[in-house]
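Presented below is the structure to which this report refers.
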Amino acid sequence: MKRIVSILALTVAAAFVTQAASAQTLKQVKDRGTLNCGANGSLAGFGLPDAQGNWKGLDVDLCRAIAAAVLGDGNKIKFTALTAKDRFTALQSGEVDVLVRNTTWTSSREAALGLEFTGVDYFDGQGFMVRKSLKVNSALELNGASVCVQQGTTTELNLADYFRAHNMQLKSVTFANADETVKAYDAGRCDAFTTDASGLAAERLRLTNPDDNIILPEIISKEPLGPSVRKGDDQWLDVVKWTFFALVNAEEYGVTQKNVDEMLKSANPNIKRLLGTEGNYGEQLGLAKDWAVNAVKAVGNYGEMYERNVGTGSPLKIGRGLNRLWDKGGVMYAPPIR
Amino acid sequence: MSVDARAGSAPPSVAFYNNPKVRAIAYQVALCVIIAFLVYAATSNAIENLKKAHIASGFGFWNNTAGFDISQTLIYFSNSTSTYGRAFWVGLINTLVVAAFGIVFATILGFIVGIGRLSSNWLVARACTGYVETIRNIPLLLQLLFWYNAVLKALPDTRESYNLPFHSFLNNRGLVLPNPVGHEGEGVMWGLILAGLIGAFIYRYWASRRQMATGQQSPVFLVGLALIVVPAALYILVFGFPFTFDLPQRGRFNLTGGLEVPPEFVALLFGLSIYTAAFIAEVVRAGILAVSRGQTEAAYALGLKPGIALRLIVLPQAMRVIVPPLTSQYLNLTKNSSLAVAIGYPDLVQIFTGTVLNQTGQAVEVVAITMAVYLAISLTTSLAMNIYNSRIALVER
């Protein structure tokens with residue numbers, strides 16, 4: 001329903017409204033006083049409301065950080081749960097200001113869908129989960145298997161590619177939302193379930209008997225997941241991009257949610273620039289001087305976000321892997337603030 | 001005299017803009033111009049705005065490679081080479097197939113239940129009432145999810161498939177049947193069957209003419225059946241069976257080969273038929289009740305048995321009331337088939353406004369095409385039913 005509304009909104013807007021200059025999102029968010037964030041809504045570790053209705057997850061925390069950087073308060077935010085299929089329409093139509101919904105950065109999404117990715121908040125790759133009773137040890141043994149997959153994802157395309165490349169026969173069963181996909185796999189409709197490896201770890205916990213299922217070792221694709229905004233609004237693009245970089249830099253310099261107030265007294269010029277005690281880097285972005293302080297206070301630095309939502313502090317227990325900082329063997333690298 | 005005088009005189013002269021005929025035409029032209037302008041403005045504005053938002057537009061995507069897989073394809077579709085356009089046709093055919101089967105099943109079930117509700121048998125009448133009142137008051141989407149999960153949960157895993165006669169298997173991946181593969185001579189056999197069918201119809205026409213004229217009845221059913229079956233059977237006896245069957249085999253994961261009927265299709269067909277049948281039953285009941293009681297009594301008075309009275313006297317008159325609302329139910333069923341998206345059946349909406357829209361991002365074009373398709377399907381159904389309706393309509397003499 002929501003999707004139909006946003007498609008209609010987009011169609012009507014496209015047809016009858018002469019669009020105002022689109023470089024207005026930052027002003028709109030400040031005037032409105034809340035950030036509209038498009039999130040997943042059903043993926044543990046990335047975007048999922050808990051029993052009390054509080055949104056939790058890595059992507060959700062990034063939204064909170066953006067709200068904190070722009071509005072000074074990480075709770076001035078309205079989350080909209082989007083399915084894989086509806087997410088781009090919601091962003092295009094202006095229903096959300098930023099889309100942070102474990103979305104893979106690809107060329108066609110930037111070139112043809114009218115959106116722009118701001119960076120990568122999680123380096124992921126696609127994997128498979130199967131029941132142990134099938135005695136499958138490798139994805140290459142899946143010839144002729146039925147695979148449950150969610151619609152409107154890069155996963156759907158990679159799956160077809162992988163089976164084609166290895167001359168294997170595929171029987172895919174496609175569902176519009178993640179819940180139905182997992183339920184069908186759990187009910188035995190498919191031999192395998194495929195999504196990003198992080199998603200596999202999260203969804204496995206929801207199965208009737210998580211321990212009867214294993215995740216196969218093959219990672220068949222690159223899935224750089226990141227936030228995206230509408231194309232043509234460079235100021236807003238910068239705000240989202242640099243809020244994330246600030247969180248990564250905070251981890252690199254050892255600024256945490258706990259020690260951020262003490263760090264304000266730090267003599268380290270990198271930290272001084274990050275926290276706004278030196279220079280006017282926040283103002284240059286159209287934000288307050290203490291934008292990064294607010295962001296870190298709201299959700300902690302990137303490492304803290306990671307451990308709390310998907311790492312050791314979470315039920316998912318996914319190792320940092322590629323998402324370690326660049327100086328610790330990973331590829332998470334943020335340009336300097338200066 | 002006075003009449004002639006009036007006819008001869010010139011019409012009273014009025015300004016042309018006060019002439020009601022001119023005015024009527026002018027208003028219509030003005031309305032058309034306004035609508036045309038609105039459509040033009042909306043279209044050009046949409047193109048302009050999409051360009052500004054850097055969203056691709058146009059129909060060029062139609063011939064691009066799709067690159068995704070579809071679970072049920074009745075025409076050739078390859079996940080490596082087929083285009084978005086091809087995916088559209090696959091989806092459209094899947095929609096039409098489920099709608100066509102659904103209409104047939106819903107009509108049969110609906111007529112049975114509708115007539116059953118009027119039965120003098122207490123149990124049958126109450127059972128039919130219960131069916132109608134339960135089914136039509138539960139949202140269709142919930143029913144589809146129920147059937148889908150019921151089908152999946154109740155059936156065994158592939159390895160413990162139920163073995164059915166004729167090398168068929170039933171499991172939670174669907175129903176797998178032997179797939180007939182035609183050989184040389186297959187066409188001849190179908191031709192014989194078709195010729196038999198035509199022959200049977202001609203015979204039936206002749207028999208009813210004869211009955212009208214002389215009152216003599218003919219064994220229409222037996223002769224018809226013989227006309228259809230005997231030539232084909234003779235052909236098989238002489239030339240052998242023009243088919244072999246591709247039997248399902250147990251593979252590493254699934255049964256391979258054979259003809260697969262996926263559970264998504266079964267669940268959708270079941271849900272749509274059962275739901276729409278409840279509405280059709282009410283339409284049928286209303287139609288029958290609209291036929292005057294005197295008609296039935298007159299039929300009984302002539303000595304017709306209840307079954308024959310219903311078939312020959314009541315139903316033909318009831319059809320005049322039944323057909324128009326029945327058409328609406330057929331249209332509803334076709335449109336409701338788009339709920340397939342919830343249970344993973346690859347219909348037009350699931351494939352085209354789902355995956356294709358998402359992969360290309362061209363919401364305006366894709367949604368416009370889909371709307372046009374549903375409109376075309378509905379108008380065609382409507383047209384066919386209107387033709388049927390005008391054939392059975394009361395001919396006043």
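We label chains A, B, ... in the order they appear in the structure tokens, count residues from 1 in each chain, and number ligands from 1 in the order shown.
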Per residue of chain B within 7 Å of chain A, record the nearest atom pair and its distance in Å to one decimal, counting only C-alpha atoms, with rows in chain order and ascending residue number, as a tab-separated table.
residue	atom	partner	partner_atom	distance
B:Ala42	CA	A:Ala15	CA	4.4
B:Thr43	CA	A:Ala15	CA	6.2
B:Asn45	CA	A:Ala15	CA	5.4
B:Ala46	CA	A:Ala15	CA	4.2
B:Asn49	CA	A:Ala14	CA	5.6
B:Leu50	CA	A:Ala14	CA	6.6
B:Ala53	CA	A:Gly114	CA	5.6
B:His54	CA	A:Gly114	CA	4.4
B:Ile55	CA	A:Gly114	CA	4.4
B:Ala56	CA	A:Ala112	CA	4.8
B:Gly67	CA	A:Leu157	CA	5.9
B:Phe68	CA	A:Leu157	CA	5.0
B:Asp69	CA	A:Ala160	CA	6.0
B:Ile70	CA	A:Ser172	CA	6.6
B:Ser71	CA	A:Ser172	CA	5.5
B:Asn79	CA	A:Ala160	CA	6.3
B:Leu152	CA	A:Ala187	CA	6.4
B:Lys153	CA	A:Ala187	CA	6.3
B:Asp157	CA	A:Gly188	CA	6.7
B:Asn172	CA	A:Arg189	CA	5.9
B:Arg173	CA	A:Arg189	CA	5.7
B:Phe253	CA	A:Ala145	CA	5.4
B:Asn254	CA	A:Ala145	CA	6.6
B:Val341	CA	A:Ala176	CA	6.3
B:Ala342	CA	A:Ala176	CA	6.5
B:Ile343	CA	A:Phe175	CA	6.7
B:Gly344	CA	A:Phe175	CA	4.7
B:Gly354	CA	A:Lys85	CA	6.5
B:Thr355	CA	A:Gly152	CA	5.0
B:Asn358	CA	A:Gly152	CA	5.4
B:Gln359	CA	A:Gly152	CA	6.5
B:Gly361	CA	A:Leu113	CA	5.2
B:Ala363	CA	A:Ile7	CA	6.9
B:Val364	CA	A:Thr11	CA	6.0
For the structure I just gave you, how does DSSP split region 135-355 of chain B - specifically, which residues are strand (DSSP E or B)? Reply as a PDB file with N, CA and C atoms, in the first residue's frame.
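Final file, result_34.pdb:
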ATOM      1  N   TYR B 162       4.789 -37.805  -1.611  1.00  0.00           N
ATOM      2  CA  TYR B 162       3.720 -38.778  -1.814  1.00  0.00           C
ATOM      3  C   TYR B 162       3.830 -39.300  -3.237  1.00  0.00           C
ATOM      4  N   ASN B 163       3.787 -40.620  -3.391  1.00  0.00           N
ATOM      5  CA  ASN B 163       3.783 -41.185  -4.734  1.00  0.00           C
ATOM      6  C   ASN B 163       2.349 -41.319  -5.197  1.00  0.00           C
ATOM      7  N   LEU B 164       2.025 -40.706  -6.302  1.00  0.00           N
ATOM      8  CA  LEU B 164       0.690 -40.801  -6.853  1.00  0.00           C
ATOM      9  C   LEU B 164       0.746 -41.735  -8.055  1.00  0.00           C
ATOM     10  N   SER B 168       3.473 -39.762 -10.703  1.00  0.00           N
ATOM     11  CA  SER B 168       3.340 -38.387 -10.252  1.00  0.00           C
ATOM     12  C   SER B 168       3.753 -38.311  -8.790  1.00  0.00           C
ATOM     13  N   PHE B 169       4.198 -37.119  -8.390  1.00  0.00           N
ATOM     14  CA  PHE B 169       4.654 -36.934  -7.017  1.00  0.00           C
ATOM     15  C   PHE B 169       4.070 -35.660  -6.462  1.00  0.00           C
ATOM     16  N   LEU B 170       3.778 -35.673  -5.178  1.00  0.00           N
ATOM     17  CA  LEU B 170       3.268 -34.487  -4.517  1.00  0.00           C
ATOM     18  C   LEU B 170       4.145 -34.206  -3.315  1.00  0.00           C
ATOM     19  N   ASN B 171       4.709 -32.988  -3.263  1.00  0.00           N
ATOM     20  CA  ASN B 171       5.502 -32.608  -2.100  1.00  0.00           C
ATOM     21  C   ASN B 171       5.423 -31.096  -1.940  1.00  0.00           C
ATOM     22  N   GLY B 174       5.541 -28.750  -4.840  1.00  0.00           N
ATOM     23  CA  GLY B 174       4.472 -28.749  -5.823  1.00  0.00           C
ATOM     24  C   GLY B 174       4.095 -30.143  -6.270  1.00  0.00           C
ATOM     25  N   LEU B 175       3.330 -30.163  -7.339  1.00  0.00           N
ATOM     26  CA  LEU B 175       2.860 -31.423  -7.906  1.00  0.00           C
ATOM     27  C   LEU B 175       3.681 -31.660  -9.167  1.00  0.00           C
ATOM     28  N   VAL B 176       4.322 -32.825  -9.270  1.00  0.00           N
ATOM     29  CA  VAL B 176       5.125 -33.121 -10.445  1.00  0.00           C
ATOM     30  C   VAL B 176       4.466 -34.238 -11.237  1.00  0.00           C
ATOM     31  N   LEU B 177       4.145 -33.954 -12.491  1.00  0.00           N
ATOM     32  CA  LEU B 177       3.442 -34.913 -13.340  1.00  0.00           C
ATOM     33  C   LEU B 177       4.343 -35.322 -14.490  1.00  0.00           C
ATOM     34  N   ASN B 179       5.515 -35.392 -18.083  1.00  0.00           N
ATOM     35  CA  ASN B 179       5.318 -34.354 -19.092  1.00  0.00           C
ATOM     36  C   ASN B 179       5.197 -35.009 -20.462  1.00  0.00           C
ATOM     37  N   PRO B 180       4.041 -34.910 -21.125  1.00  0.00           N
ATOM     38  CA  PRO B 180       3.923 -35.543 -22.437  1.00  0.00           C
ATOM     39  C   PRO B 180       4.783 -34.805 -23.458  1.00  0.00           C
ATOM     40  N   VAL B 181       5.609 -35.560 -24.156  1.00  0.00           N
ATOM     41  CA  VAL B 181       6.441 -34.961 -25.194  1.00  0.00           C
ATOM     42  C   VAL B 181       5.935 -35.468 -26.537  1.00  0.00           C
ATOM     43  N   GLY B 182       5.516 -34.553 -27.372  1.00  0.00           N
ATOM     44  CA  GLY B 182       4.905 -34.948 -28.642  1.00  0.00           C
ATOM     45  C   GLY B 182       5.934 -35.427 -29.657  1.00  0.00           C
ATOM     46  N   PHE B 243       3.072 -39.912 -28.352  1.00  0.00           N
ATOM     47  CA  PHE B 243       3.684 -39.215 -27.218  1.00  0.00           C
ATOM     48  C   PHE B 243       4.638 -40.147 -26.520  1.00  0.00           C
ATOM     49  N   THR B 244       5.655 -39.581 -25.899  1.00  0.00           N
ATOM     50  CA  THR B 244       6.302 -40.318 -24.831  1.00  0.00           C
ATOM     51  C   THR B 244       6.218 -39.415 -23.622  1.00  0.00           C
ATOM     52  N   PHE B 245       6.402 -39.981 -22.446  1.00  0.00           N
ATOM     53  CA  PHE B 245       6.294 -39.171 -21.252  1.00  0.00           C
ATOM     54  C   PHE B 245       7.661 -38.958 -20.637  1.00  0.00           C
ATOM     55  N   ASP B 246       7.943 -37.682 -20.325  1.00  0.00           N
ATOM     56  CA  ASP B 246       9.149 -37.344 -19.601  1.00  0.00           C
ATOM     57  C   ASP B 246       8.817 -37.532 -18.122  1.00  0.00           C
ATOM     58  N   GLN B 249      12.300 -37.671 -12.202  1.00  0.00           N
ATOM     59  CA  GLN B 249      13.304 -38.519 -11.562  1.00  0.00           C
ATOM     60  C   GLN B 249      13.761 -37.845 -10.287  1.00  0.00           C
ATOM     61  N   ARG B 250      14.173 -38.641  -9.328  1.00  0.00           N
ATOM     62  CA  ARG B 250      14.716 -38.045  -8.113  1.00  0.00           C
ATOM     63  C   ARG B 250      16.116 -37.522  -8.383  1.00  0.00           C
ATOM     64  N   LEU B 255      12.953 -33.207  -7.667  1.00  0.00           N
ATOM     65  CA  LEU B 255      12.641 -34.117  -8.754  1.00  0.00           C
ATOM     66  C   LEU B 255      12.999 -33.374 -10.029  1.00  0.00           C
ATOM     67  N   THR B 256      13.681 -34.036 -10.942  1.00  0.00           N
ATOM     68  CA  THR B 256      14.009 -33.361 -12.191  1.00  0.00           C
ATOM     69  C   THR B 256      13.155 -33.948 -13.293  1.00  0.00           C
ATOM     70  N   LEU B 259       6.493 -32.408 -15.471  1.00  0.00           N
ATOM     71  CA  LEU B 259       5.785 -31.138 -15.546  1.00  0.00           C
ATOM     72  C   LEU B 259       5.497 -30.704 -14.118  1.00  0.00           C
ATOM     73  N   GLU B 260       5.998 -29.519 -13.748  1.00  0.00           N
ATOM     74  CA  GLU B 260       5.883 -29.104 -12.368  1.00  0.00           C
ATOM     75  C   GLU B 260       4.754 -28.098 -12.187  1.00  0.00           C
ATOM     76  N   VAL B 261       3.892 -28.336 -11.231  1.00  0.00           N
ATOM     77  CA  VAL B 261       2.881 -27.343 -10.880  1.00  0.00           C
ATOM     78  C   VAL B 261       3.281 -26.783  -9.526  1.00  0.00           C
TER      79      VAL B 261
END
From CA of Phe245 (chain A) to CA of Glu304 (chain A) the spacing works out at 14.2 Å
So which residues touch region 267-271 of chain A within 10 Å, counting only C-alpha atoms, skipping near sequence neighbours fewer than 4 positions away, as JSON, numbers by chain? {"A": [249, 250, 252, 253, 254, 255, 260, 263, 275, 276, 277, 278, 336, 337, 338]}
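Using only C-alpha atoms, the protein and nucleic acid residues lying no more than 7 Å from region 193-200 of chain A, apart from those fewer than 2 places from it along its own chain, are Leu43, Asp124, Gly125, Gln126, Gly127, Phe128, Met129, Val130, Val147, Cys148, Val149, Thr155, Tyr185, Ala202, Glu203 and Arg204 of chain A.
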Env of region 65-79 of chain A: 6 Å cut, atoms = only C-alpha atoms, seq-sep filter 4 positions within chain, self excluded. Answer as a compact mmCIF listing (two decimals) with C-alpha atoms, in the first residue's frame.
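Here's the written file part25.txt:
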# COMPACT_ATOMS: atom_id res chain seq x y z
CA THR A 34 12.84 15.85 12.02
CA LEU A 35 14.85 13.67 9.68
CA ASN A 36 12.85 11.22 7.55
CA CYS A 37 14.93 8.10 7.30
CA GLY A 38 14.12 5.11 5.08
CA LEU A 287 25.95 22.45 10.22
CA TRP A 291 28.07 18.44 14.63
CA ASN A 294 26.52 15.35 18.65
CA ALA A 295 26.78 12.46 16.22
CA ALA A 298 24.15 9.90 19.90
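One distance worth recording is that between CA of Gln317 (chain B) and CA of Leu304 (chain B), which is 16.4 Å.
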So what do you get for CA of Arg391 (chain B) versus CA of Val323 (chain B), distance-wise? 11.0 Å
Give me every helix (DSSP H, G or I) residue in region 150-333 of chain B, going by DSSP on the backbone, as an NGL selection string. :B and (150-154 or 158-160 or 186-214 or 220-239 or 263-290 or 293-301 or 306-333)
